[in-house]
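Content type compact mmCIF, C-alpha atoms and all ligand atoms, from the file run22.txt:
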# COMPACT_ATOMS: atom_id res chain seq x y z
CA MET A 1 84.56 -22.16 -79.25
CA ILE A 2 81.82 -22.89 -76.74
CA LYS A 3 84.01 -21.64 -73.98
CA LYS A 4 84.33 -18.38 -75.84
CA GLU A 5 80.59 -18.06 -76.16
CA LEU A 6 80.09 -18.86 -72.48
CA GLU A 7 82.64 -16.18 -71.65
CA LEU A 8 80.60 -13.70 -73.66
CA LEU A 9 77.54 -14.77 -71.70
CA VAL A 10 79.39 -14.15 -68.44
CA VAL A 11 80.38 -10.69 -69.69
CA LEU A 12 76.74 -10.08 -70.60
CA GLN A 13 75.56 -11.11 -67.16
CA ASP A 14 78.16 -8.84 -65.51
CA LEU A 15 76.98 -6.01 -67.73
CA ASP A 16 73.32 -6.63 -66.88
CA MET A 17 74.15 -6.50 -63.16
CA MET A 18 75.92 -3.19 -63.74
CA ILE A 19 72.94 -1.73 -65.59
CA ASP A 20 70.64 -2.87 -62.75
CA GLU A 21 72.67 -0.99 -60.16
CA ILE A 22 73.32 2.29 -61.97
CA SER A 23 70.99 4.36 -59.81
CA GLU A 24 72.39 2.96 -56.55
CA VAL A 25 75.95 3.62 -57.63
CA LYS A 26 75.02 7.16 -58.64
CA ARG A 27 73.42 7.75 -55.27
CA LEU A 28 76.75 6.89 -53.62
CA GLY A 29 78.33 9.79 -55.47
CA PHE A 30 79.87 8.04 -58.47
CA GLU A 31 79.75 9.32 -62.00
CA ALA A 32 77.50 7.02 -64.03
CA GLU A 33 75.95 9.21 -66.67
CA ASN A 34 76.61 7.30 -69.87
CA GLU A 35 74.05 4.56 -69.58
CA GLU A 36 73.67 4.73 -73.34
CA ASN A 37 77.22 3.38 -73.75
CA LEU A 38 76.33 0.30 -71.77
CA ARG A 39 73.16 -0.27 -73.79
CA LYS A 40 75.25 -0.13 -76.96
CA ALA A 41 77.87 -2.48 -75.52
CA ARG A 42 75.05 -4.84 -74.58
CA GLU A 43 73.59 -4.84 -78.06
CA GLU A 44 76.98 -5.56 -79.55
CA LEU A 45 77.58 -8.39 -77.11
CA VAL A 46 74.17 -9.92 -77.69
CA SER A 47 74.80 -10.02 -81.45
CA LYS A 48 77.75 -12.35 -80.82
CA ILE A 49 75.80 -14.90 -78.78
CA SER A 50 73.73 -17.62 -80.42
CA ARG A 51 69.94 -17.26 -80.24
CA PRO A 52 69.21 -20.48 -78.29
CA LEU A 53 71.83 -19.70 -75.65
CA LEU A 54 70.59 -16.14 -75.35
CA PHE A 55 67.01 -17.39 -75.02
CA SER A 56 68.02 -19.75 -72.19
CA TYR A 57 69.81 -16.87 -70.51
CA GLU A 58 66.80 -14.55 -70.72
CA GLN A 59 64.45 -17.26 -69.46
CA LEU A 60 66.71 -18.11 -66.51
CA LYS A 61 67.08 -14.41 -65.69
CA LYS A 62 63.36 -14.28 -64.97
CA ARG A 63 63.85 -16.86 -62.24
CA TYR A 64 67.31 -16.18 -60.91
CA LYS A 65 69.61 -13.26 -60.29
CA ARG A 66 72.33 -15.31 -61.97
CA ALA A 67 71.49 -17.32 -65.06
CA ILE A 68 75.04 -18.52 -65.52
CA VAL A 69 77.10 -19.69 -62.55
CA PRO A 70 80.64 -20.92 -62.07
CA VAL A 71 81.29 -24.50 -61.03
CA LYS A 72 83.38 -24.79 -57.90
CA GLU A 73 86.57 -26.83 -57.86
CA ASP A 74 84.80 -29.61 -55.94
CA ASN A 75 82.23 -29.76 -58.79
CA THR A 76 79.35 -28.06 -57.03
CA CYS A 77 77.03 -25.70 -58.87
CA LEU A 78 77.46 -22.24 -57.33
CA GLY A 79 73.80 -21.52 -57.99
CA CYS A 80 72.26 -24.25 -55.87
CA PHE A 81 75.32 -25.88 -54.24
CA ILE A 82 74.40 -29.36 -55.45
CA LYS A 83 77.28 -31.59 -56.47
CA LEU A 84 77.30 -32.27 -60.21
CA PRO A 85 77.56 -35.80 -61.58
CA THR A 86 81.03 -36.57 -62.95
CA SER A 87 79.67 -37.06 -66.47
CA ILE A 88 78.47 -33.44 -66.57
CA SER A 89 81.67 -31.99 -65.21
CA ALA A 90 83.79 -34.05 -67.61
CA LYS A 91 81.80 -32.76 -70.59
CA GLY A 92 81.75 -29.23 -69.24
CA ARG A 93 85.48 -29.14 -68.69
CA ALA A 94 86.03 -30.39 -72.19
CA ASP A 95 83.97 -27.43 -73.48
CA SER A 96 82.18 -29.73 -75.87
CA GLU A 97 78.69 -28.44 -75.18
CA VAL A 98 76.74 -26.01 -73.02
CA MET A 99 75.84 -27.76 -69.80
CA ARG A 100 73.08 -26.91 -67.37
CA CYS A 101 72.76 -27.88 -63.73
CA GLU A 102 70.37 -30.80 -63.42
CA SER A 103 68.85 -29.52 -60.21
CA CYS A 104 68.47 -25.75 -60.73
CA GLY A 105 68.76 -25.49 -64.53
CA ARG A 106 71.35 -22.70 -64.51
CA ILE A 107 73.95 -22.59 -67.26
CA LEU A 108 77.27 -23.85 -65.92
CA TYR A 109 80.57 -22.18 -66.47
CA TRP A 110 83.96 -23.71 -65.74
CA LEU A 111 86.37 -20.93 -64.86
CA MET B 1 78.77 0.48 -41.68
CA GLU B 2 81.76 0.67 -39.32
CA THR B 3 85.20 1.21 -40.79
CA GLN B 4 86.70 -1.67 -38.76
CA ASN B 5 84.33 -4.07 -40.51
CA LEU B 6 85.98 -3.21 -43.82
CA LEU B 7 89.19 -4.89 -42.77
CA ARG B 8 88.04 -8.40 -43.64
CA TYR B 9 87.75 -7.47 -47.32
CA PHE B 10 91.38 -6.41 -47.57
CA ASP B 11 94.36 -8.69 -47.81
CA GLU B 12 98.11 -8.27 -47.65
CA ASN B 13 98.38 -9.91 -51.09
CA LEU B 14 96.23 -7.13 -52.49
CA PHE B 15 98.23 -4.31 -50.98
CA ILE B 16 100.32 -2.64 -53.70
CA PRO B 17 102.25 0.29 -52.22
CA ASN B 18 104.16 1.12 -55.42
CA LEU B 19 101.95 0.85 -58.49
CA LYS B 20 103.87 0.78 -61.76
CA ALA B 21 101.01 1.84 -64.04
CA THR B 22 100.93 5.33 -65.52
CA THR B 23 97.61 5.06 -67.39
CA LYS B 24 94.12 3.84 -66.51
CA ASP B 25 94.36 0.76 -68.75
CA GLU B 26 97.71 -0.21 -67.29
CA LEU B 27 96.42 0.32 -63.80
CA LEU B 28 93.29 -1.83 -64.18
CA LYS B 29 95.43 -4.57 -65.71
CA GLU B 30 98.14 -4.34 -63.06
CA ILE B 31 95.68 -4.78 -60.21
CA VAL B 32 93.58 -7.49 -61.88
CA ASP B 33 96.79 -9.39 -62.67
CA GLN B 34 97.64 -9.24 -58.99
CA PHE B 35 94.23 -10.80 -58.13
CA VAL B 36 95.04 -13.57 -60.61
CA ASN B 37 98.65 -14.03 -59.44
CA VAL B 38 97.52 -14.68 -55.89
CA LYS B 39 94.75 -16.95 -57.22
CA TYR B 40 91.80 -14.89 -55.98
CA LEU B 41 90.52 -14.67 -59.55
CA LYS B 42 91.08 -16.98 -62.47
CA ASN B 43 90.08 -15.18 -65.63
CA SER B 44 91.55 -11.69 -65.86
CA GLN B 45 89.96 -10.97 -69.26
CA ILE B 46 86.39 -11.25 -67.98
CA VAL B 47 87.05 -9.02 -64.98
CA LEU B 48 88.88 -6.43 -67.10
CA GLU B 49 86.00 -6.36 -69.54
CA MET B 50 83.62 -5.58 -66.68
CA LEU B 51 85.93 -2.82 -65.36
CA TYR B 52 86.31 -1.24 -68.81
CA GLN B 53 82.54 -1.23 -69.21
CA ARG B 54 82.22 0.44 -65.83
CA GLU B 55 84.54 3.20 -67.03
CA MET B 56 82.38 3.60 -70.15
CA LEU B 57 79.46 4.35 -67.85
CA GLY B 58 81.45 7.10 -66.13
CA SER B 59 84.91 7.51 -64.66
CA THR B 60 85.53 5.89 -61.29
CA GLY B 61 88.23 8.51 -60.76
CA ILE B 62 86.19 10.41 -58.17
CA GLY B 63 88.61 13.34 -57.97
CA LYS B 64 91.21 14.59 -55.47
CA GLY B 65 93.64 11.90 -56.61
CA VAL B 66 91.36 8.95 -55.82
CA ALA B 67 90.00 6.16 -58.02
CA ILE B 68 87.61 3.41 -56.94
CA PRO B 69 87.20 1.02 -59.89
CA HIS B 70 84.48 -1.45 -58.94
CA GLY B 71 81.92 -3.96 -60.11
CA ARG B 72 80.24 -7.29 -59.68
CA THR B 73 81.49 -10.23 -61.66
CA THR B 74 80.22 -13.76 -62.12
CA SER B 75 83.82 -14.95 -61.86
CA SER B 76 84.21 -13.92 -58.22
CA SER B 77 82.69 -15.59 -55.17
CA ASP B 78 83.72 -13.06 -52.49
CA ILE B 79 84.02 -9.32 -52.07
CA MET B 80 87.68 -8.35 -52.27
CA ILE B 81 89.35 -4.95 -52.15
CA ALA B 82 92.81 -4.17 -53.47
CA PHE B 83 94.59 -1.03 -52.33
CA GLY B 84 97.35 0.55 -54.39
CA LYS B 85 99.31 3.78 -54.35
CA SER B 86 101.24 5.73 -56.91
CA GLU B 87 103.66 8.44 -55.88
CA ASP B 88 103.94 9.77 -59.46
CA GLY B 89 100.23 9.64 -60.23
CA ILE B 90 98.20 7.89 -62.92
CA ASP B 91 96.49 9.45 -65.89
CA TYR B 92 92.96 8.26 -65.13
CA ASP B 93 90.49 10.58 -66.84
CA SER B 94 89.19 11.57 -63.41
CA ILE B 95 86.20 13.85 -62.98
CA ASP B 96 88.48 16.72 -61.88
CA GLY B 97 91.15 15.91 -64.46
CA LYS B 98 93.79 15.32 -61.78
CA PRO B 99 96.13 12.33 -61.71
CA VAL B 100 95.26 9.45 -59.38
CA HIS B 101 97.48 8.52 -56.43
CA LEU B 102 95.19 6.29 -54.34
CA VAL B 103 93.35 3.34 -55.84
CA PHE B 104 90.83 1.01 -54.25
CA MET B 105 89.61 -1.73 -56.56
CA ILE B 106 86.45 -3.42 -55.29
CA ILE B 107 85.46 -6.72 -56.88
CA ALA B 108 82.18 -8.33 -55.83
CA PRO B 109 80.25 -11.48 -56.70
CA PRO B 110 76.74 -11.27 -58.24
CA GLN B 111 75.19 -11.85 -54.86
CA ASP B 112 77.01 -11.27 -51.62
CA GLU B 113 76.27 -12.28 -48.09
CA ASN B 114 74.20 -9.60 -46.28
CA ASN B 115 74.32 -7.34 -49.37
CA MET B 116 77.48 -5.59 -48.27
CA TYR B 117 78.78 -4.49 -51.66
CA LEU B 118 76.97 -1.15 -52.00
CA PRO B 119 77.45 -0.16 -48.33
CA ILE B 120 81.17 -0.92 -48.74
CA LEU B 121 81.36 1.26 -51.85
CA GLY B 122 79.61 4.07 -49.98
CA LYS B 123 81.90 3.72 -46.97
CA MET B 124 85.00 3.90 -49.16
CA VAL B 125 83.74 7.12 -50.75
CA GLU B 126 83.03 8.56 -47.31
CA ILE B 127 86.53 7.69 -46.01
CA LEU B 128 88.27 9.04 -49.09
CA ASN B 129 86.31 12.28 -49.10
CA LYS B 130 88.21 13.36 -45.99
CA SER B 131 91.49 15.05 -46.80
CA LYS B 132 93.17 13.87 -43.59
CA ASN B 133 92.47 10.28 -44.62
CA ARG B 134 93.90 10.76 -48.09
CA LYS B 135 96.98 12.33 -46.58
CA LYS B 136 97.39 9.48 -44.10
CA LEU B 137 96.92 6.83 -46.80
CA MET B 138 99.61 8.43 -48.94
CA SER B 139 102.10 8.02 -46.10
CA ILE B 140 101.33 4.34 -45.44
CA GLU B 141 104.12 1.93 -46.37
CA SER B 142 103.02 -1.43 -44.97
CA PHE B 143 99.85 -3.48 -44.72
CA GLU B 144 100.21 -3.39 -40.91
CA GLU B 145 100.05 0.40 -41.01
CA PHE B 146 97.05 0.20 -43.31
CA LYS B 147 95.22 -2.11 -40.90
CA GLU B 148 95.95 0.28 -38.06
CA PHE B 149 94.53 3.13 -40.10
CA LEU B 150 91.25 1.27 -40.70
CA GLU B 151 90.99 0.22 -37.07
CA LYS B 152 91.39 3.79 -35.84
CA GLU B 153 89.36 5.63 -38.45
ZN ZN A 201 72.47 -25.75 -59.69
Hey, can you dump this file as structure tokens for me?
Amino acid sequence: MIKKELELLVVLQDLDMMIDEISEVKRLGFEAENEENLRKAREELVSKISRPLLFSYEQLKKRYKRAIVPVKEDNTCLGCFIKLPTSISAKGRADSEVMRCESCGRILYWL
Amino acid sequence: METQNLLRYFDENLFIPNLKATTKDELLKEIVDQFVNVKYLKNSQIVLEMLYQREMLGSTGIGKGVAIPHGRTTSSSDIMIAFGKSEDGIDYDSIDGKPVHLVFMIIAPPQDENNMYLPILGKMVEILNKSKNRKKLMSIESFEEFKEFLEKE
């Protein structure tokens, strides 16, 4: 369940990065005219994510390019490269709750 | 950006000389599955979602038989480029309506070292705009030949 929601958040972040780079991609000669489609997809996605998680995401986005980051196999946060305590990674892997990195605050995502 | 510098983003495991796909959806899935099979990506669903959304923005079939599906994804930590070919052609909804024979899929992380992602995309467009390059790429059978092509170009 949580994992599913975190996956939606990852999809949202990927979509936001795409929206941010539309003009650059266009400049390279690609077709990227239907920005409206992405805005609609974003709205739809956002409606599936819980308010508190979405709020955390938006707040983190103000500080970082990536609000949600994968955890590396050796249990380091890919946002700040600090090793996570085993208690956090155990909980995160179990998908029991949304975990955030203790040092940078980013939302953690176990691939 | 120099063409030779592109080489490091390619990999023999991501060289698909005989694509099976006949449609855009099949193609995106076939290549993403290959990334997953060789363990360069873990979650195919998330990457496919991103690629589908990119196509909603506008077709990455840039015409003349070429497609460059691309995007950044949180689930990748490096820039990687897959190269595939289809003799028969793929129904891709390209901007000129023609089937696609050459495919370069470019997957990038949210942030990449030295900000290479956009220059790489631009370089690929530049290379593929030349008809002699498209012709050469269609004749390539092995990854060795492909490397030679990039080194010489
Ligand atoms: Zn961190």
Which chains and residue numbers are within 6 Å of ligand ZN 201 (chain A), counting all atoms listed in the file, if I want them as a PDB file with C-alpha atoms, in the frame of the given file?
ATOM      1  CA  CYS A  77      77.030 -25.700 -58.870  1.00  0.00           C
ATOM      2  CA  GLY A  79      73.800 -21.520 -57.990  1.00  0.00           C
ATOM      3  CA  CYS A  80      72.260 -24.250 -55.870  1.00  0.00           C
ATOM      4  CA  ILE A  82      74.400 -29.360 -55.450  1.00  0.00           C
ATOM      5  CA  CYS A 101      72.760 -27.880 -63.730  1.00  0.00           C
ATOM      6  CA  SER A 103      68.850 -29.520 -60.210  1.00  0.00           C
ATOM      7  CA  CYS A 104      68.470 -25.750 -60.730  1.00  0.00           C
ATOM      8  CA  ARG A 106      71.350 -22.700 -64.510  1.00  0.00           C
TER       9      ARG A 106
END
Each chain B residue no farther than 7 Å from chain A, nearest pair in Å, only C-alpha atoms, as a tab-separated table:
residue	atom	partner	partner_atom	distance
B:Lys42	CA	A:Leu111	CA	6.6
B:Asn43	CA	A:Leu111	CA	6.9
B:Ile46	CA	A:Val11	CA	6.3
B:Met50	CA	A:Asp14	CA	6.5
B:Gln53	CA	A:Leu38	CA	6.9
B:Met56	CA	A:Asn37	CA	6.3
B:Leu57	CA	A:Asn34	CA	4.6
B:Gly58	CA	A:Ala32	CA	4.5
B:Ser59	CA	A:Glu31	CA	6.1
B:Thr60	CA	A:Phe30	CA	6.7
B:Ile62	CA	A:Phe30	CA	6.8
B:Arg72	CA	A:Asp14	CA	6.4
B:Thr73	CA	A:Asp14	CA	5.3
B:Thr74	CA	A:Asp14	CA	6.3
B:Ser75	CA	A:Pro70	CA	6.8
B:Gly122	CA	A:Leu28	CA	5.4
Exercise. Have a look at B:Leu118, B:Asp93, B:Glu151, B:Leu128 and name the one nearest to B:Thr23; count only C-alpha atoms.
Key: B:Asp93
Quiz item: What does the distance from atom CA of B:Val38 to atom CA of B:Phe15 come to in Å, to one decimal?
Solution: 11.5 Å
Exercise. Between atom CA of B:Thr22 and atom CA of B:Gly89, measure the distance and give it in Å to one decimal.
Key: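 We find that atom CA of B:Thr22 and atom CA of B:Gly89 lie 6.9 Å from each other.
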How about completing stretch 74-85 of chain A with all heavy atoms and giving it to me as a PDB file, in the frame of the given file?
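And here's rebuild_22.pdb as it stands now:
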ATOM      1  N   ASP A  74      85.282 -28.295 -56.387  1.00  0.00           N
ATOM      2  CA  ASP A  74      84.800 -29.610 -55.940  1.00  0.00           C
ATOM      3  C   ASP A  74      83.562 -30.049 -56.731  1.00  0.00           C
ATOM      4  O   ASP A  74      82.827 -30.933 -56.311  1.00  0.00           O
ATOM      5  CB  ASP A  74      84.500 -29.582 -54.441  1.00  0.00           C
ATOM      6  CG  ASP A  74      83.380 -28.611 -54.098  1.00  0.00           C
ATOM      7  OD1 ASP A  74      82.861 -27.917 -55.018  1.00  0.00           O
ATOM      8  OD2 ASP A  74      83.001 -28.537 -52.919  1.00  0.00           O
ATOM      9  N   ASN A  75      83.336 -29.400 -57.894  1.00  0.00           N
ATOM     10  CA  ASN A  75      82.230 -29.760 -58.790  1.00  0.00           C
ATOM     11  C   ASN A  75      80.839 -29.475 -58.258  1.00  0.00           C
ATOM     12  O   ASN A  75      79.897 -30.185 -58.601  1.00  0.00           O
ATOM     13  CB  ASN A  75      82.311 -31.237 -59.196  1.00  0.00           C
ATOM     14  CG  ASN A  75      83.307 -31.435 -60.314  1.00  0.00           C
ATOM     15  OD1 ASN A  75      83.447 -30.579 -61.198  1.00  0.00           O
ATOM     16  ND2 ASN A  75      84.004 -32.557 -60.277  1.00  0.00           N
ATOM     17  N   THR A  76      80.706 -28.437 -57.426  1.00  0.00           N
ATOM     18  CA  THR A  76      79.350 -28.060 -57.030  1.00  0.00           C
ATOM     19  C   THR A  76      78.916 -26.854 -57.864  1.00  0.00           C
ATOM     20  O   THR A  76      79.725 -26.009 -58.235  1.00  0.00           O
ATOM     21  CB  THR A  76      79.237 -27.697 -55.522  1.00  0.00           C
ATOM     22  OG1 THR A  76      80.309 -26.839 -55.171  1.00  0.00           O
ATOM     23  CG2 THR A  76      79.244 -28.923 -54.658  1.00  0.00           C
ATOM     24  N   CYS A  77      77.630 -26.825 -58.146  1.00  0.00           N
ATOM     25  CA  CYS A  77      77.030 -25.700 -58.870  1.00  0.00           C
ATOM     26  C   CYS A  77      76.957 -24.531 -57.888  1.00  0.00           C
ATOM     27  O   CYS A  77      76.413 -24.673 -56.797  1.00  0.00           O
ATOM     28  CB  CYS A  77      75.624 -26.110 -59.323  1.00  0.00           C
ATOM     29  SG  CYS A  77      74.568 -24.718 -59.759  1.00  0.00           S
ATOM     30  N   LEU A  78      77.478 -23.383 -58.253  1.00  0.00           N
ATOM     31  CA  LEU A  78      77.460 -22.240 -57.330  1.00  0.00           C
ATOM     32  C   LEU A  78      76.100 -21.534 -57.285  1.00  0.00           C
ATOM     33  O   LEU A  78      75.923 -20.562 -56.575  1.00  0.00           O
ATOM     34  CB  LEU A  78      78.570 -21.248 -57.659  1.00  0.00           C
ATOM     35  CG  LEU A  78      79.884 -21.474 -56.906  1.00  0.00           C
ATOM     36  CD1 LEU A  78      80.951 -20.497 -57.349  1.00  0.00           C
ATOM     37  CD2 LEU A  78      79.690 -21.363 -55.392  1.00  0.00           C
ATOM     38  N   GLY A  79      75.150 -22.069 -58.055  1.00  0.00           N
ATOM     39  CA  GLY A  79      73.800 -21.520 -57.990  1.00  0.00           C
ATOM     40  C   GLY A  79      73.008 -22.190 -56.888  1.00  0.00           C
ATOM     41  O   GLY A  79      72.345 -21.532 -56.089  1.00  0.00           O
ATOM     42  N   CYS A  80      73.078 -23.517 -56.834  1.00  0.00           N
ATOM     43  CA  CYS A  80      72.260 -24.250 -55.870  1.00  0.00           C
ATOM     44  C   CYS A  80      73.084 -25.114 -54.917  1.00  0.00           C
ATOM     45  O   CYS A  80      72.529 -25.752 -54.027  1.00  0.00           O
ATOM     46  CB  CYS A  80      71.232 -25.119 -56.600  1.00  0.00           C
ATOM     47  SG  CYS A  80      71.984 -26.484 -57.519  1.00  0.00           S
ATOM     48  N   PHE A  81      74.386 -25.148 -55.114  1.00  0.00           N
ATOM     49  CA  PHE A  81      75.320 -25.880 -54.240  1.00  0.00           C
ATOM     50  C   PHE A  81      75.127 -27.389 -54.235  1.00  0.00           C
ATOM     51  O   PHE A  81      75.488 -28.060 -53.288  1.00  0.00           O
ATOM     52  CB  PHE A  81      75.300 -25.289 -52.820  1.00  0.00           C
ATOM     53  CG  PHE A  81      75.700 -23.845 -52.822  1.00  0.00           C
ATOM     54  CD1 PHE A  81      74.738 -22.847 -52.760  1.00  0.00           C
ATOM     55  CD2 PHE A  81      77.029 -23.480 -52.962  1.00  0.00           C
ATOM     56  CE1 PHE A  81      75.102 -21.496 -52.814  1.00  0.00           C
ATOM     57  CE2 PHE A  81      77.408 -22.138 -53.011  1.00  0.00           C
ATOM     58  CZ  PHE A  81      76.434 -21.145 -52.936  1.00  0.00           C
ATOM     59  N   ILE A  82      74.536 -27.906 -55.305  1.00  0.00           N
ATOM     60  CA  ILE A  82      74.400 -29.360 -55.450  1.00  0.00           C
ATOM     61  C   ILE A  82      75.629 -29.860 -56.211  1.00  0.00           C
ATOM     62  O   ILE A  82      76.111 -29.192 -57.130  1.00  0.00           O
ATOM     63  CB  ILE A  82      73.107 -29.697 -56.239  1.00  0.00           C
ATOM     64  CG1 ILE A  82      71.873 -29.207 -55.493  1.00  0.00           C
ATOM     65  CG2 ILE A  82      73.045 -31.176 -56.600  1.00  0.00           C
ATOM     66  CD1 ILE A  82      71.282 -30.123 -54.478  1.00  0.00           C
ATOM     67  N   LYS A  83      76.116 -31.014 -55.792  1.00  0.00           N
ATOM     68  CA  LYS A  83      77.280 -31.590 -56.470  1.00  0.00           C
ATOM     69  C   LYS A  83      76.854 -32.155 -57.833  1.00  0.00           C
ATOM     70  O   LYS A  83      75.842 -32.825 -57.958  1.00  0.00           O
ATOM     71  CB  LYS A  83      77.900 -32.691 -55.614  1.00  0.00           C
ATOM     72  CG  LYS A  83      79.347 -32.934 -55.988  1.00  0.00           C
ATOM     73  CD  LYS A  83      80.081 -33.695 -54.883  1.00  0.00           C
ATOM     74  CE  LYS A  83      81.441 -34.105 -55.409  1.00  0.00           C
ATOM     75  NZ  LYS A  83      82.523 -33.257 -54.953  1.00  0.00           N
ATOM     76  N   LEU A  84      77.640 -31.834 -58.852  1.00  0.00           N
ATOM     77  CA  LEU A  84      77.300 -32.270 -60.210  1.00  0.00           C
ATOM     78  C   LEU A  84      77.811 -33.695 -60.454  1.00  0.00           C
ATOM     79  O   LEU A  84      78.876 -34.051 -59.970  1.00  0.00           O
ATOM     80  CB  LEU A  84      77.956 -31.344 -61.236  1.00  0.00           C
ATOM     81  CG  LEU A  84      77.630 -29.856 -61.104  1.00  0.00           C
ATOM     82  CD1 LEU A  84      78.582 -29.041 -61.951  1.00  0.00           C
ATOM     83  CD2 LEU A  84      76.191 -29.577 -61.515  1.00  0.00           C
ATOM     84  N   PRO A  85      77.064 -34.470 -61.225  1.00  0.00           N
ATOM     85  CA  PRO A  85      77.560 -35.800 -61.580  1.00  0.00           C
ATOM     86  C   PRO A  85      78.847 -35.680 -62.400  1.00  0.00           C
ATOM     87  O   PRO A  85      79.021 -34.710 -63.140  1.00  0.00           O
ATOM     88  CB  PRO A  85      76.442 -36.384 -62.456  1.00  0.00           C
ATOM     89  CG  PRO A  85      75.323 -35.421 -62.429  1.00  0.00           C
ATOM     90  CD  PRO A  85      75.789 -34.136 -61.852  1.00  0.00           C
TER      91      PRO A  85
END
